[in-house]
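One structure is given here, and the rest of the page talks about it.
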Amino acid sequence: MPVFAQSVSKYDANAAFAPTFYTTYGDEFRSASGAPGPKYWQNRADYKINASLDDENHSITGSVIINYKNNSPEKLPFVWLQLDQNIYSLKSRGVAATSITGGRWANRDFDGGYDIKAVYIIEGKKEEKVDYDISDTRMQIRLPKAIKPNGDSIQIKIEYAFRIPEYGTDRMGRLNTKNGWIYEIAQWYPRMCVFDNVLGWNTLPYLGQGEFYLEYGNIEYNINTSAKEIVVGSGELLNPEEVLTPTEIKRLKEAKESDKTIAIRTESEATEASTRPSKGRLTWRFKINNARDVAWAASSAFVWDAVRINLPSGKKSLAMAVYPVESAKVDGWKRGAEFTKGAIEHYSKQWFEFPYPVATNVAGIVGGMEYPGIVFCSSKASGAGLWGVTSHEFGHTWFPMIVGSNERKYAWMDEGFNTFLNSVADKEFNHGEFYNKSVNRQMAASYIYRSEPIMTIPDVLNAGGDWGIDAYMKPGMGLELLRYDILGEERFDGAFRYYINNWAYKHPTPWDFFHAIENYSGETLDWFWRGWFIHDWKIDQAVKGVEYPDTDPAKGAIITIENLEQMPMPVNIEIKEENGKVSRVRLPVEIWEHGSTWKFRFEPSSKITEVTIDPDKHYPDVNISNNYWKAN
């Protein structure tokens, strides 16, 4: 790895420990304790959706009725909605902002987007057409009457249609298998933008890399398809007797009582007409409560497995996996339901209980994407790769499905937090089957400091490298440093649960997170937030030397250490002596309040032969050559 060699410190204690950090003070809406204030509010959006899948023309026609409740203290003369399907128009900002070399979010071989047929305001039984204005992936509806503050509501009805792209910016799409298409459908209905006390209307356009920021509510949706399709979706299937065979219903009942995977539709049955009701078309009815979104998948090719999920409260949920026969491998998707069960049971026990009746893992064209109660993972994944993507996508249940941060501005608050969750889960699943026990963060120093600061809007980050570092790796590593090296596991875990419980089904900002961790742990961590998240400060701790008063080891030793880059951290030191004794010394971060050099006294029992700073290689230190001192 490259070495950032230097002999002069760049460290400035005044900058690292500046007394002012928080941009605003706690108020009645957002408390300085890291919890919602007594007058915290957020608006609510309930949806009723009817949609029809045309599996010959690969299109969807639908209508949605939105009941939007204004809990804010101000009237709303207009509302904003997200029309994320419009990113698939060749005229979209997302296409225009994609480089000519393409990339993960490119979609230049398909011209789609919403066809908005009509927009109505419903009062009683009367529907009144209203004016609206579409700007890329946003729609503004100008209301005939403003929505009054403090609990007034309005009903909006929108009729729409769109064609389904084969590749939908790795969020949705369709995969052609030998037994039929697999449709993974998301961002498939107009959704309310969030109106909050931070920015008012949050109307950043959807460009592909920045994800979503949504209101919570109850969502009922009906999917009409040809009878050959099996449909799975967010929430609970309300009418299994109308869309499943008696055999499938019986097997599902068995799966709800089993800790071993039950096949609901086997590989050999995937092509049998008897596994589907003999009707022309069917309507699948689903419902999910207190959710921010819904997604679904449909295919005539699905093999279908299920197994019970045991939750800490004693409640039960159901893990399901659906996949094509091409993916039905013993080390692959045959373990899809098992991996789903294992991930959700761990996260529920460790952090916060899984809130949905079903968790469905879908194999398809999407490499990995999450929605409430359902995730899309690559049909090609297997072994450690399938466990990793399953654990990651279902980890998103907690961030941002339960803790509803703004993904379009702060990707690290869901991707980074989830990356940390996954590292803890890896240790626990199946006795650490896929856990990599080695930890050497020094190796990460060669690349994590070459990107933008973590607090960078997602669409600004380079998708080829910075995106993975700043949204996933570096913030995840930051939480690991807090857990293992700064606060300790018990204090950090308690603080993290405090944050999750306070902001479950609400909208925290980064400052709410910082406040929550500090208040619960009792530590002032502005130096860490400032260096690791706000700036891109580097770590370079060094051992400068060892001295003996009057050159006599019996009188003790003075060990000098340095902080050569701008990021301060607590110090861990290992000291080896001539007689074989090995000692550890831990020094708090506050030693660096006094400058870049620190001397401390150590009482050896014999001459010191070696001093090592960060002996366990926990820090991404940019220059490990100065981490060691050895006697002549």
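In the structure tokens, each chain is lettered A, B, ... as it comes, each chain's residues begin at 1, and ligands are numbered from 1 in order of appearance.
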Please identify all polymer residues within 7 Å of Cys377 of chain A, counting only C-alpha atoms, omitting same-chain residues fewer than 2 positions from it, and present them as a compact mmCIF listing (two decimals) with all heavy atoms, in the first residue's frame.
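As written to disk, result-v5.txt reads:
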```txt
# COMPACT_ATOMS: atom_id res chain seq x y z
N VAL A 362 -36.73 -12.26 -3.62
CA VAL A 362 -37.04 -12.53 -5.02
C VAL A 362 -35.77 -12.60 -5.85
O VAL A 362 -34.94 -11.67 -5.80
CB VAL A 362 -37.97 -11.43 -5.60
CG1 VAL A 362 -38.33 -11.73 -7.05
CG2 VAL A 362 -39.23 -11.28 -4.76
N ALA A 363 -35.61 -13.67 -6.62
CA ALA A 363 -34.48 -13.80 -7.54
C ALA A 363 -34.88 -13.24 -8.90
O ALA A 363 -35.91 -13.62 -9.45
CB ALA A 363 -34.09 -15.27 -7.68
N GLY A 364 -34.06 -12.34 -9.43
CA GLY A 364 -34.39 -11.75 -10.72
C GLY A 364 -33.22 -11.00 -11.29
O GLY A 364 -32.06 -11.26 -10.97
N VAL A 366 -32.50 -7.79 -10.85
CA VAL A 366 -31.96 -6.76 -9.95
C VAL A 366 -30.89 -7.37 -9.05
O VAL A 366 -31.12 -8.39 -8.40
CB VAL A 366 -33.09 -6.13 -9.11
CG1 VAL A 366 -32.52 -5.09 -8.15
CG2 VAL A 366 -34.14 -5.51 -10.02
N GLY A 367 -29.73 -6.73 -9.00
CA GLY A 367 -28.62 -7.26 -8.21
C GLY A 367 -28.88 -7.24 -6.71
O GLY A 367 -28.46 -8.13 -5.98
N GLY A 368 -29.57 -6.20 -6.25
CA GLY A 368 -29.89 -6.09 -4.83
C GLY A 368 -30.63 -4.79 -4.56
O GLY A 368 -30.10 -3.71 -4.77
N MET A 369 -31.88 -4.90 -4.11
CA MET A 369 -32.68 -3.70 -3.81
C MET A 369 -33.73 -4.06 -2.79
O MET A 369 -34.26 -5.18 -2.79
CB MET A 369 -33.32 -3.14 -5.09
CG MET A 369 -34.00 -1.80 -4.90
SD MET A 369 -32.85 -0.53 -4.30
CE MET A 369 -34.02 0.65 -3.64
N VAL A 375 -37.47 -8.01 -0.94
CA VAL A 375 -36.21 -7.56 -1.53
C VAL A 375 -35.99 -8.28 -2.85
O VAL A 375 -36.51 -9.38 -3.08
CB VAL A 375 -35.00 -7.82 -0.60
CG1 VAL A 375 -35.21 -7.11 0.74
CG2 VAL A 375 -34.73 -9.30 -0.40
N SER A 379 -30.49 -13.35 -9.39
CA SER A 379 -30.80 -14.77 -9.61
C SER A 379 -29.53 -15.60 -9.76
O SER A 379 -29.55 -16.83 -9.65
CB SER A 379 -31.66 -14.94 -10.86
OG SER A 379 -30.96 -14.48 -12.01
N VAL A 389 -25.96 -10.62 0.07
CA VAL A 389 -26.94 -9.70 -0.52
C VAL A 389 -28.29 -9.83 0.20
O VAL A 389 -29.00 -8.84 0.40
CB VAL A 389 -27.09 -9.92 -2.04
CG1 VAL A 389 -27.76 -11.25 -2.36
CG2 VAL A 389 -27.84 -8.77 -2.68
N THR A 390 -28.65 -11.04 0.65
CA THR A 390 -29.89 -11.22 1.40
C THR A 390 -29.83 -10.48 2.73
O THR A 390 -30.75 -9.74 3.10
CB THR A 390 -30.17 -12.71 1.65
OG1 THR A 390 -30.31 -13.39 0.40
CG2 THR A 390 -31.42 -12.91 2.49
```
Subject >> Sel. of strand (DSSP E) residues, segment 251-345 of chain A, as a PyMOL selection string >> reply: chain A and resi 262-265+281-291+296-299+303-310+316-323
Mind writing the picked residues with N, CA, C and O atoms as a CSV table (one decimal), in the first residue's frame?
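And here is the file that came out, again.csv:
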```
chain,number,residue,atom,x,y,z
A,262,ILE,N,-40.0,-25.3,3.7
A,262,ILE,CA,-41.0,-26.1,3.1
A,262,ILE,C,-41.2,-25.6,1.7
A,262,ILE,O,-41.3,-24.4,1.4
A,263,ALA,N,-41.2,-26.5,0.7
A,263,ALA,CA,-41.4,-26.2,-0.7
A,263,ALA,C,-42.9,-25.9,-0.9
A,263,ALA,O,-43.7,-26.8,-0.7
A,264,ILE,N,-43.3,-24.7,-1.4
A,264,ILE,CA,-44.7,-24.4,-1.7
A,264,ILE,C,-45.0,-24.8,-3.1
A,264,ILE,O,-46.1,-25.3,-3.4
A,265,ARG,N,-44.0,-24.5,-4.0
A,265,ARG,CA,-44.1,-24.9,-5.4
A,265,ARG,C,-42.7,-25.4,-5.8
A,265,ARG,O,-41.8,-24.6,-5.8
A,281,ARG,N,-57.9,-14.5,-15.6
A,281,ARG,CA,-57.1,-13.6,-14.9
A,281,ARG,C,-57.5,-13.6,-13.4
A,281,ARG,O,-58.5,-14.0,-13.0
A,282,LEU,N,-56.5,-13.2,-12.6
A,282,LEU,CA,-56.7,-13.2,-11.1
A,282,LEU,C,-56.3,-11.8,-10.6
A,282,LEU,O,-55.5,-11.1,-11.1
A,283,THR,N,-56.9,-11.5,-9.4
A,283,THR,CA,-56.5,-10.3,-8.7
A,283,THR,C,-56.0,-10.7,-7.4
A,283,THR,O,-56.7,-11.3,-6.6
A,284,TRP,N,-54.7,-10.3,-7.1
A,284,TRP,CA,-54.1,-10.6,-5.9
A,284,TRP,C,-54.2,-9.3,-5.0
A,284,TRP,O,-53.8,-8.2,-5.4
A,285,ARG,N,-54.7,-9.5,-3.7
A,285,ARG,CA,-54.9,-8.4,-2.9
A,285,ARG,C,-53.9,-8.4,-1.7
A,285,ARG,O,-53.8,-9.4,-1.0
A,286,PHE,N,-53.3,-7.3,-1.5
A,286,PHE,CA,-52.3,-7.2,-0.4
A,286,PHE,C,-52.5,-6.0,0.5
A,286,PHE,O,-53.1,-5.0,0.0
A,287,LYS,N,-52.0,-6.0,1.7
A,287,LYS,CA,-52.1,-4.9,2.6
A,287,LYS,C,-50.8,-4.9,3.5
A,287,LYS,O,-50.4,-5.9,4.0
A,288,ILE,N,-50.3,-3.7,3.7
A,288,ILE,CA,-49.2,-3.5,4.7
A,288,ILE,C,-49.5,-2.2,5.5
A,288,ILE,O,-50.0,-1.2,4.9
A,289,ASN,N,-49.3,-2.3,6.8
A,289,ASN,CA,-49.5,-1.1,7.6
A,289,ASN,C,-48.2,-0.4,8.1
A,289,ASN,O,-47.2,-1.1,8.3
A,290,ASN,N,-48.3,0.9,8.3
A,290,ASN,CA,-47.2,1.7,8.8
A,290,ASN,C,-46.0,1.5,8.0
A,290,ASN,O,-44.9,1.2,8.5
A,291,ALA,N,-46.1,1.6,6.7
A,291,ALA,CA,-45.0,1.4,5.7
A,291,ALA,C,-44.8,2.6,4.9
A,291,ALA,O,-45.7,3.4,4.7
A,296,TRP,N,-43.6,-5.4,-5.6
A,296,TRP,CA,-44.1,-6.7,-5.8
A,296,TRP,C,-43.3,-7.4,-7.0
A,296,TRP,O,-42.6,-6.7,-7.7
A,297,ALA,N,-43.5,-8.7,-7.1
A,297,ALA,CA,-42.9,-9.4,-8.2
A,297,ALA,C,-43.9,-10.4,-8.7
A,297,ALA,O,-44.8,-10.9,-7.9
A,298,ALA,N,-43.9,-10.8,-10.0
A,298,ALA,CA,-44.8,-11.7,-10.6
A,298,ALA,C,-44.1,-12.6,-11.6
A,298,ALA,O,-43.2,-12.1,-12.3
A,299,SER,N,-44.4,-13.8,-11.7
A,299,SER,CA,-43.8,-14.7,-12.7
A,299,SER,C,-44.6,-16.0,-12.8
A,299,SER,O,-45.1,-16.5,-11.8
A,303,VAL,N,-40.3,-21.0,-8.6
A,303,VAL,CA,-40.2,-22.0,-7.6
A,303,VAL,C,-40.4,-21.2,-6.3
A,303,VAL,O,-39.9,-20.1,-6.1
A,304,TRP,N,-41.0,-21.8,-5.3
A,304,TRP,CA,-41.5,-21.0,-4.1
A,304,TRP,C,-41.2,-21.8,-2.8
A,304,TRP,O,-41.7,-23.0,-2.7
A,305,ASP,N,-40.4,-21.3,-1.9
A,305,ASP,CA,-40.1,-21.9,-0.6
A,305,ASP,C,-40.6,-21.0,0.5
A,305,ASP,O,-40.7,-19.7,0.3
A,306,ALA,N,-40.8,-21.5,1.7
A,306,ALA,CA,-41.2,-20.7,2.9
A,306,ALA,C,-40.8,-21.4,4.2
A,306,ALA,O,-40.6,-22.6,4.2
A,307,VAL,N,-40.6,-20.6,5.2
A,307,VAL,CA,-40.2,-21.1,6.5
A,307,VAL,C,-40.6,-20.0,7.6
A,307,VAL,O,-40.6,-18.9,7.3
A,308,ARG,N,-40.8,-20.5,8.8
A,308,ARG,CA,-41.3,-19.6,9.9
A,308,ARG,C,-40.1,-18.7,10.4
A,308,ARG,O,-39.0,-19.2,10.5
A,309,ILE,N,-40.4,-17.5,10.7
A,309,ILE,CA,-39.5,-16.6,11.4
A,309,ILE,C,-40.0,-16.4,12.9
A,309,ILE,O,-41.2,-16.2,13.1
A,310,ASN,N,-39.1,-16.7,13.8
A,310,ASN,CA,-39.4,-16.5,15.2
A,310,ASN,C,-38.9,-15.2,15.7
A,310,ASN,O,-37.7,-14.9,15.7
A,316,LYS,N,-44.8,-14.5,15.2
A,316,LYS,CA,-44.2,-15.2,14.1
A,316,LYS,C,-44.4,-14.4,12.9
A,316,LYS,O,-45.4,-13.7,12.7
A,317,SER,N,-43.4,-14.6,12.0
A,317,SER,CA,-43.5,-14.0,10.6
A,317,SER,C,-43.2,-15.2,9.7
A,317,SER,O,-43.0,-16.3,10.1
A,318,LEU,N,-43.2,-14.9,8.4
A,318,LEU,CA,-42.9,-15.9,7.4
A,318,LEU,C,-41.9,-15.4,6.4
A,318,LEU,O,-42.0,-14.4,5.8
A,319,ALA,N,-40.8,-16.2,6.2
A,319,ALA,CA,-39.8,-16.0,5.2
A,319,ALA,C,-40.1,-16.8,4.0
A,319,ALA,O,-40.4,-18.0,4.1
A,320,MET,N,-40.0,-16.1,2.8
A,320,MET,CA,-40.3,-16.8,1.6
A,320,MET,C,-39.2,-16.4,0.6
A,320,MET,O,-38.6,-15.4,0.6
A,321,ALA,N,-39.0,-17.4,-0.3
A,321,ALA,CA,-38.0,-17.1,-1.4
A,321,ALA,C,-38.7,-17.6,-2.7
A,321,ALA,O,-39.3,-18.7,-2.7
A,322,VAL,N,-38.6,-16.8,-3.8
A,322,VAL,CA,-39.2,-17.2,-5.1
A,322,VAL,C,-38.1,-17.0,-6.1
A,322,VAL,O,-37.3,-16.0,-6.1
A,323,TYR,N,-37.9,-18.0,-7.0
A,323,TYR,CA,-36.8,-18.0,-7.9
A,323,TYR,C,-37.1,-18.9,-9.1
A,323,TYR,O,-37.9,-19.8,-9.0
```
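With distances restricted to only C-alpha atoms, A:Glu370 is the closest residue to Arg292 of chain A from A:Glu370, A:Glu610, A:Asp616, A:Glu490.
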**OP:** Extract, using only C-alpha atoms, all DNA, RNA and protein residues at most 9 Å from segment 448-465 of chain A, discarding same-chain residues fewer than 4 positions from it, and format them as number ranges by chain.
**Re:** A: 103-105, 207-211, 407-412, 444, 469-471, 473-475, 532-538, 620, 622
**OP:** Could you check how far atom CA of Asn14 of chain A sits from atom CA of Phe514 of chain A, in Å to one decimal?
**Re:** 20.4 Å
Original post:
Running DSSP on the backbone, which parts of segment 93-302 of chain A land in helix (DSSP H, G or I), as a PyMOL selection string?
Top reply: chain A and resi 93-96+240-243+246-255+273-275
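Atom to atom, atom CA of Arg174 of chain A and atom CA of His58 of chain A stand 8.8 Å apart.
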